[in-house]
$ cat model04.cif   # mmCIF, C-alpha atoms
data_coords
loop_
_atom_site.label_atom_id
_atom_site.label_comp_id
_atom_site.auth_asym_id
_atom_site.auth_seq_id
_atom_site.Cartn_x
_atom_site.Cartn_y
_atom_site.Cartn_z
CA ALA F 1 0.00 0.00 0.00
CA GLY F 2 2.96 2.29 0.68
CA ALA F 3 3.94 2.07 -3.00
CA LEU F 4 0.59 3.53 -4.15
CA ALA F 5 0.41 7.26 -4.73
CA THR F 6 -2.62 9.50 -4.67
CA LEU F 7 -3.26 12.25 -7.19
CA GLY F 8 -6.38 14.34 -6.68
CA GLY F 9 -7.81 11.65 -4.43
CA ASP F 10 -7.45 8.88 -7.06
CA ILE F 11 -5.19 5.93 -6.32
CA GLN F 12 -2.56 5.54 -9.04
CA ALA F 13 -0.94 2.14 -9.61
CA PRO F 14 2.84 2.18 -10.06
CA LYS F 15 3.73 2.49 -13.73
CA ARG F 16 5.46 -0.20 -15.76
CA LEU F 17 8.27 0.37 -18.24
CA TYR F 18 8.33 -1.69 -21.43
CA ILE F 19 11.58 -1.73 -23.41
CA VAL F 20 11.67 -3.14 -26.94
CA LEU F 21 15.22 -3.91 -28.02
CA HIS F 22 15.97 -5.15 -31.51
CA ASN F 23 19.00 -7.41 -31.87
CA ILE F 24 20.20 -7.72 -28.29
CA ASP F 25 23.04 -9.90 -29.62
CA GLY F 26 24.20 -7.14 -32.00
CA GLN F 27 27.86 -6.15 -32.17
CA GLN F 28 27.41 -3.00 -30.07
CA LEU F 29 25.69 -4.89 -27.23
CA ARG F 30 27.79 -8.06 -27.02
CA SER F 31 30.18 -6.84 -24.32
CA PRO F 32 29.80 -8.40 -20.85
CA GLU F 33 29.27 -4.91 -19.40
CA ALA F 34 26.37 -4.09 -21.74
CA GLN F 35 24.72 -7.48 -21.16
CA ALA F 36 25.13 -7.22 -17.38
CA LEU F 37 23.55 -3.75 -17.40
CA LEU F 38 20.62 -4.96 -19.51
CA GLY F 39 20.20 -7.96 -17.21
CA GLN F 40 20.04 -5.73 -14.13
CA LEU F 41 17.50 -3.53 -15.89
CA ALA F 42 15.37 -6.54 -16.88
CA ALA F 43 15.47 -7.87 -13.30
CA MET F 44 13.73 -4.77 -11.93
CA PRO F 45 10.17 -5.54 -10.78
CA ARG F 46 8.24 -3.22 -13.08
CA VAL F 47 10.58 -3.23 -16.07
CA HIS F 48 9.73 -5.56 -18.96
CA LEU F 49 12.30 -6.20 -21.68
CA ILE F 50 11.22 -7.52 -25.08
CA ALA F 51 14.16 -8.35 -27.33
CA SER F 52 14.96 -10.04 -30.60
CA VAL F 53 18.09 -12.00 -31.48
CA ASP F 54 19.65 -12.62 -34.87
CA HIS F 55 22.13 -15.39 -34.23
CA ILE F 56 21.12 -18.97 -33.48
CA ASN F 57 23.79 -19.14 -30.75
CA ALA F 58 22.74 -15.90 -29.05
CA PRO F 59 21.88 -17.69 -25.75
CA LEU F 60 25.61 -18.44 -25.36
CA LEU F 61 26.06 -14.76 -24.52
CA TRP F 62 24.67 -15.32 -21.04
CA SER F 63 25.86 -17.32 -18.08
CA LYS F 64 23.23 -19.14 -15.99
CA ARG F 65 23.18 -16.22 -13.57
CA GLU F 66 22.71 -13.65 -16.35
CA ALA F 67 20.02 -15.73 -18.05
CA ALA F 68 18.18 -15.93 -14.70
CA MET F 69 18.24 -12.13 -14.43
CA PHE F 70 16.64 -11.81 -17.87
CA ASN F 71 14.16 -14.63 -17.09
CA TRP F 72 13.40 -15.01 -20.80
CA VAL F 73 10.22 -16.41 -22.24
CA TRP F 74 11.35 -17.62 -25.68
CA GLN F 75 9.14 -17.27 -28.74
CA GLU F 76 10.27 -18.52 -32.15
CA ALA F 77 9.55 -15.79 -34.71
CA THR F 78 11.99 -16.35 -37.55
CA THR F 79 11.06 -14.26 -40.60
CA PHE F 80 13.78 -15.45 -43.04
CA ALA F 81 13.57 -11.92 -44.49
CA PRO F 82 16.76 -10.31 -45.83
CA TYR F 83 18.47 -7.73 -43.64
CA ALA F 84 17.81 -4.86 -46.06
CA VAL F 85 15.86 -2.79 -43.52
CA GLU F 86 18.09 -3.58 -40.52
CA THR F 87 21.28 -2.67 -42.36
CA ALA F 88 19.95 0.30 -44.32
CA HIS F 89 21.53 2.76 -41.86
CA VAL F 90 24.92 0.98 -41.78
CA PRO F 91 27.51 2.66 -44.03
CA GLN F 92 28.85 0.32 -46.65
CA LEU F 93 32.54 -0.03 -47.34
CA LEU F 94 33.34 0.88 -50.91
CA ALA F 95 36.00 -1.78 -51.16
CA SER F 96 36.65 -5.35 -52.19
CA LYS F 97 36.59 -8.12 -49.61
CA GLY F 98 40.39 -8.11 -49.33
CA GLU F 99 40.53 -4.35 -48.96
CA GLU F 100 37.64 -4.45 -46.50
CA ARG F 101 39.68 -6.72 -44.24
CA HIS F 102 42.61 -4.31 -44.57
CA ILE F 103 40.40 -1.36 -43.57
CA ARG F 104 38.98 -3.25 -40.59
CA GLY F 105 42.54 -4.04 -39.57
CA ALA F 106 43.53 -0.38 -39.97
CA ALA F 107 40.64 0.69 -37.72
CA ASN F 108 41.71 -1.84 -35.07
CA VAL F 109 45.33 -0.67 -35.26
CA LEU F 110 44.32 2.98 -34.90
CA ARG F 111 42.13 2.18 -31.91
CA SER F 112 45.08 0.46 -30.25
CA LEU F 113 47.35 3.51 -30.67
CA THR F 114 47.54 6.45 -28.30
CA SER F 115 45.02 9.26 -28.72
CA ASN F 116 47.94 11.49 -29.76
CA ALA F 117 48.88 9.10 -32.60
CA ARG F 118 45.24 8.94 -33.73
CA SER F 119 45.10 12.75 -33.74
CA ILE F 120 48.21 12.89 -35.92
CA PHE F 121 46.67 10.39 -38.35
CA ARG F 122 43.41 12.37 -38.37
CA LEU F 123 45.29 15.61 -39.12
CA LEU F 124 46.92 14.01 -42.15
CA ALA F 125 43.65 12.41 -43.26
CA GLU F 126 41.72 15.67 -43.05
CA HIS F 127 44.42 17.47 -45.04
CA GLN F 128 44.32 14.74 -47.68
CA LEU F 129 40.52 14.91 -47.93
CA SER F 130 40.68 18.72 -48.26
CA ASN F 131 43.40 18.53 -50.93
CA PRO F 132 42.54 15.51 -53.08
CA ASP F 133 44.76 16.58 -55.99
CA GLU F 134 47.97 16.66 -53.96
CA ALA F 135 50.38 13.73 -54.12
CA GLY F 136 50.85 13.90 -50.37
CA MET F 137 51.64 16.28 -47.55
CA ALA F 138 55.21 17.56 -47.33
CA PHE F 139 56.87 16.29 -44.17
CA HIS F 140 57.91 19.73 -42.90
CA ALA F 141 54.44 21.18 -43.50
CA PHE F 142 52.99 18.16 -41.66
CA TYR F 143 55.43 18.64 -38.78
CA THR F 144 54.54 22.34 -38.56
CA GLN F 145 50.84 21.53 -38.31
CA CYS F 146 51.48 18.85 -35.69
CA ARG F 147 53.48 21.38 -33.63
CA GLU F 148 50.72 23.97 -33.95
CA HIS F 149 48.21 21.39 -32.64
CA PHE F 150 50.63 20.33 -29.84
CA LEU F 151 50.78 16.78 -31.23
CA ALA F 152 54.54 16.47 -31.82
CA THR F 153 57.30 18.42 -30.11
CA SER F 154 60.10 17.25 -32.40
CA GLU F 155 60.67 15.78 -35.84
CA VAL F 156 61.98 12.62 -34.17
CA THR F 157 58.64 12.13 -32.39
CA LEU F 158 56.67 12.63 -35.60
CA ARG F 159 58.95 10.28 -37.56
CA SER F 160 58.49 7.57 -34.91
CA HIS F 161 54.71 7.85 -35.34
CA LEU F 162 55.08 7.74 -39.13
CA THR F 163 57.29 4.65 -38.87
CA GLU F 164 54.51 2.94 -36.91
CA PHE F 165 51.93 4.05 -39.49
CA VAL F 166 54.07 2.71 -42.34
CA ASP F 167 54.70 -0.58 -40.50
CA HIS F 168 50.93 -1.08 -40.25
CA GLU F 169 50.38 0.03 -43.86
CA LEU F 170 48.39 3.08 -42.79
CA THR F 171 50.56 5.60 -44.63
CA ARG F 172 53.24 5.72 -47.32
CA THR F 173 56.16 8.07 -47.75
CA ARG F 174 57.71 8.96 -51.09
CA ARG F 175 60.05 11.59 -52.49
CA GLY F 176 58.50 14.66 -54.04
CA PRO F 177 59.91 16.47 -57.11
CA ASP F 178 61.91 18.79 -54.82
CA GLY F 179 63.40 15.90 -52.87
CA GLU F 180 61.23 16.38 -49.77
CA ASP F 181 59.33 13.44 -48.28
CA LEU F 182 55.59 13.39 -49.02
CA VAL F 183 53.33 11.56 -46.57
CA HIS F 184 50.21 9.96 -48.00
CA ILE F 185 47.37 7.71 -46.79
CA SER F 186 46.66 5.08 -49.42
CA PHE F 187 42.87 4.83 -49.02
CA ALA F 188 40.23 6.25 -51.35
CA ALA F 189 38.47 9.35 -50.02
CA ASP F 190 35.15 7.59 -49.25
CA VAL F 191 36.92 4.77 -47.44
CA LEU F 192 39.11 7.22 -45.52
CA LYS F 193 36.02 9.11 -44.33
CA GLN F 194 34.53 5.88 -43.02
CA LEU F 195 37.79 4.95 -41.32
CA LEU F 196 37.79 8.30 -39.51
CA ASN F 197 34.18 7.70 -38.41
CA GLU F 198 35.08 4.28 -37.05
CA ILE F 199 37.86 5.60 -34.82
CA GLU F 200 35.93 8.53 -33.35
#
$ encode --input "model04.cif" --output "structure tokens"
Amino acid sequence: AGALATLGGDIQAPKRLYIVLHNIDGQQLRSPEAQALLGQLAAMPRVHLIASVDHINAPLLWSKREAAMFNWVWQEATTFAPYAVETAHVPQLLASKGEERHIRGAANVLRSLTSNARSIFRLLAEHQLSNPDEAGMAFHAFYTQCREHFLATSEVTLRSHLTEFVDHELTRTRRGPDGEDLVHISFAADVLKQLLNEIE
């Protein structure tokens, strides 16, 4: 009775919250932290979680304890429909399968680097996207911009980052007509934009 509230003399029953979650086994929700949080939410007395799964092995996401928190009532509702609607908002990679793997690898490498290294890569990428007709960015101009953005305090520091980029096939360096090194990212503009989005 203590949980009931009165409003203008009328007794109001506590409200219920219904959450509809599409694809609870999706890539963005597969982490143990996300699943534990959803499980705690679903275990609340007046919260009801309705979810769909895409993968046949989705139940393997949960331990017995986590599955008990969700307290699922399973209902088979396979549609066999293509994923055209579900993936309509997902940007498509404009690349072959082999290049797609390379881009995924590049995104993983960039995520594993320091935020400073990612900022240096982003600075070069944004310059390249703004100047598509250039063969690359001159090293000294690149170093000057990095110094202005407080990303590299010496040429040695910048060259060490570039060496790491080259080792992971993120950038290439070649000689310009005047003999100065030109730094270039070897991805098409559309692919480079997506790569930058993925590492934000």
$ residues_around --input "model04.cif" --residues "segment 74-77 of chain F" --least-positions-apart "5" --cutoff "10 Å" --atoms "all atoms listed in the file" --output "list in words"
Ala51, Ser52 and Val53 of chain F
$ closest_residue --input "model04.cif" --among "F:Leu38, F:Leu17, F:Ala152, F:Leu110" --to "His168 of chain F" --atoms "only C-alpha atoms"
F:Leu110
$ atom_distance --input "model04.cif" --atom1 "atom CA of Ala135 of chain F" --atom2 "atom CA of Thr153 of chain F"
25.4 Å
$ closest_residue --input "model04.cif" --among "F:Val73, F:Ala42, F:Cys146, F:Ile24" --to "His55 of chain F" --atoms "all atoms listed in the file"
F:Ile24
$ atom_distance --input "model04.cif" --atom1 "atom CA of Lys64 of chain F" --atom2 "atom CA of Glu33 of chain F"
15.8 Å
$ resolve_selection --input "model04.cif" --expression "the PyMOL selection byres ((chain F and resi 184) around 6)" --output "MDAnalysis selection string"
chainID F and resid 136 171:172 183 185
$ closest_residue --input "model04.cif" --among "F:Val20, F:Ala141, F:Ile199, F:Leu29" --to "Ser119 of chain F" --atoms "all atoms listed in the file"
F:Ile199
$ axis_aligned_box --input "model04.cif" --around "segment 158-172 of chain F" --padding-each-side "5 Å" --output "JSON"
{"center_x": 53.7, "center_y": 5.8, "center_z": -41.1, "size_x": 20.6, "size_y": 23.7, "size_z": 22.4}
$ resolve_selection --input "model04.cif" --expression "the PyMOL selection byres ((chain F and resi 158) around 12)" --output "PDB file with C-alpha atoms, in the frame of the given file"
ATOM      1  CA  ASN F 116      47.940  11.490 -29.760  1.00  0.00           C
ATOM      2  CA  ALA F 117      48.880   9.100 -32.600  1.00  0.00           C
ATOM      3  CA  SER F 119      45.100  12.750 -33.740  1.00  0.00           C
ATOM      4  CA  ILE F 120      48.210  12.890 -35.920  1.00  0.00           C
ATOM      5  CA  PHE F 121      46.670  10.390 -38.350  1.00  0.00           C
ATOM      6  CA  LEU F 124      46.920  14.010 -42.150  1.00  0.00           C
ATOM      7  CA  PHE F 139      56.870  16.290 -44.170  1.00  0.00           C
ATOM      8  CA  HIS F 140      57.910  19.730 -42.900  1.00  0.00           C
ATOM      9  CA  ALA F 141      54.440  21.180 -43.500  1.00  0.00           C
ATOM     10  CA  PHE F 142      52.990  18.160 -41.660  1.00  0.00           C
ATOM     11  CA  TYR F 143      55.430  18.640 -38.780  1.00  0.00           C
ATOM     12  CA  THR F 144      54.540  22.340 -38.560  1.00  0.00           C
ATOM     13  CA  GLN F 145      50.840  21.530 -38.310  1.00  0.00           C
ATOM     14  CA  CYS F 146      51.480  18.850 -35.690  1.00  0.00           C
ATOM     15  CA  ARG F 147      53.480  21.380 -33.630  1.00  0.00           C
ATOM     16  CA  PHE F 150      50.630  20.330 -29.840  1.00  0.00           C
ATOM     17  CA  LEU F 151      50.780  16.780 -31.230  1.00  0.00           C
ATOM     18  CA  ALA F 152      54.540  16.470 -31.820  1.00  0.00           C
ATOM     19  CA  THR F 153      57.300  18.420 -30.110  1.00  0.00           C
ATOM     20  CA  SER F 154      60.100  17.250 -32.400  1.00  0.00           C
ATOM     21  CA  GLU F 155      60.670  15.780 -35.840  1.00  0.00           C
ATOM     22  CA  VAL F 156      61.980  12.620 -34.170  1.00  0.00           C
ATOM     23  CA  THR F 157      58.640  12.130 -32.390  1.00  0.00           C
ATOM     24  CA  ARG F 159      58.950  10.280 -37.560  1.00  0.00           C
ATOM     25  CA  SER F 160      58.490   7.570 -34.910  1.00  0.00           C
ATOM     26  CA  HIS F 161      54.710   7.850 -35.340  1.00  0.00           C
ATOM     27  CA  LEU F 162      55.080   7.740 -39.130  1.00  0.00           C
ATOM     28  CA  THR F 163      57.290   4.650 -38.870  1.00  0.00           C
ATOM     29  CA  GLU F 164      54.510   2.940 -36.910  1.00  0.00           C
ATOM     30  CA  PHE F 165      51.930   4.050 -39.490  1.00  0.00           C
ATOM     31  CA  VAL F 183      53.330  11.560 -46.570  1.00  0.00           C
TER      32      VAL F 183
END
$ residues_near_point --input "model04.cif" --point "(11.8, -8.4, -23.9)" --cutoff "8 Å" --atoms "only C-alpha atoms" --output "PDB file with C-alpha atoms, in the frame of the given file"
ATOM      1  CA  TYR F  18       8.330  -1.690 -21.430  1.00  0.00           C
ATOM      2  CA  ILE F  19      11.580  -1.730 -23.410  1.00  0.00           C
ATOM      3  CA  VAL F  20      11.670  -3.140 -26.940  1.00  0.00           C
ATOM      4  CA  LEU F  21      15.220  -3.910 -28.020  1.00  0.00           C
ATOM      5  CA  HIS F  48       9.730  -5.560 -18.960  1.00  0.00           C
ATOM      6  CA  LEU F  49      12.300  -6.200 -21.680  1.00  0.00           C
ATOM      7  CA  ILE F  50      11.220  -7.520 -25.080  1.00  0.00           C
ATOM      8  CA  ALA F  51      14.160  -8.350 -27.330  1.00  0.00           C
ATOM      9  CA  SER F  52      14.960 -10.040 -30.600  1.00  0.00           C
ATOM     10  CA  TRP F  72      13.400 -15.010 -20.800  1.00  0.00           C
TER      11      TRP F  72
END
$ closest_residue --input "model04.cif" --among "F:Gly179, F:Ile103, F:Leu123, F:Thr114" --to "Leu195 of chain F" --atoms "all atoms listed in the file"
F:Ile103
$ closest_residue --input "model04.cif" --among "F:Pro59, F:Asn108, F:Ser130, F:Glu148" --to "Leu170 of chain F" --atoms "only C-alpha atoms"
F:Asn108
$ atom_distance --input "model04.cif" --atom1 "atom CA of Lys193 of chain F" --atom2 "atom CA of Glu169 of chain F"
17.0 Å
$ closest_residue --input "model04.cif" --among "F:Asn197, F:Gln12, F:Asn57, F:Ser63" --to "Gln35 of chain F" --atoms "all atoms listed in the file"
F:Ser63
$ residues_around --input "model04.cif" --residues "Arg16 of chain F" --least-positions-apart "5" --cutoff "10 Å" --atoms "all atoms listed in the file" --output "list in words"
Pro45, Arg46, Val47 and His48 of chain F
$ resolve_selection --input "model04.cif" --expression "the PyMOL selection byres ((chain F and resi 182) around 6)" --output "ChimeraX atom specification"
/F:136-139,173-176,181,183
$ write_last_selection --input "model04.cif" --atoms "C-alpha atoms" --output "CSV table (one decimal), keeping the file's coordinate frame"
chain,number,residue,atom,x,y,z
F,136,GLY,CA,50.8,13.9,-50.4
F,137,MET,CA,51.6,16.3,-47.6
F,138,ALA,CA,55.2,17.6,-47.3
F,139,PHE,CA,56.9,16.3,-44.2
F,173,THR,CA,56.2,8.1,-47.8
F,174,ARG,CA,57.7,9.0,-51.1
F,175,ARG,CA,60.0,11.6,-52.5
F,176,GLY,CA,58.5,14.7,-54.0
F,181,ASP,CA,59.3,13.4,-48.3
F,183,VAL,CA,53.3,11.6,-46.6
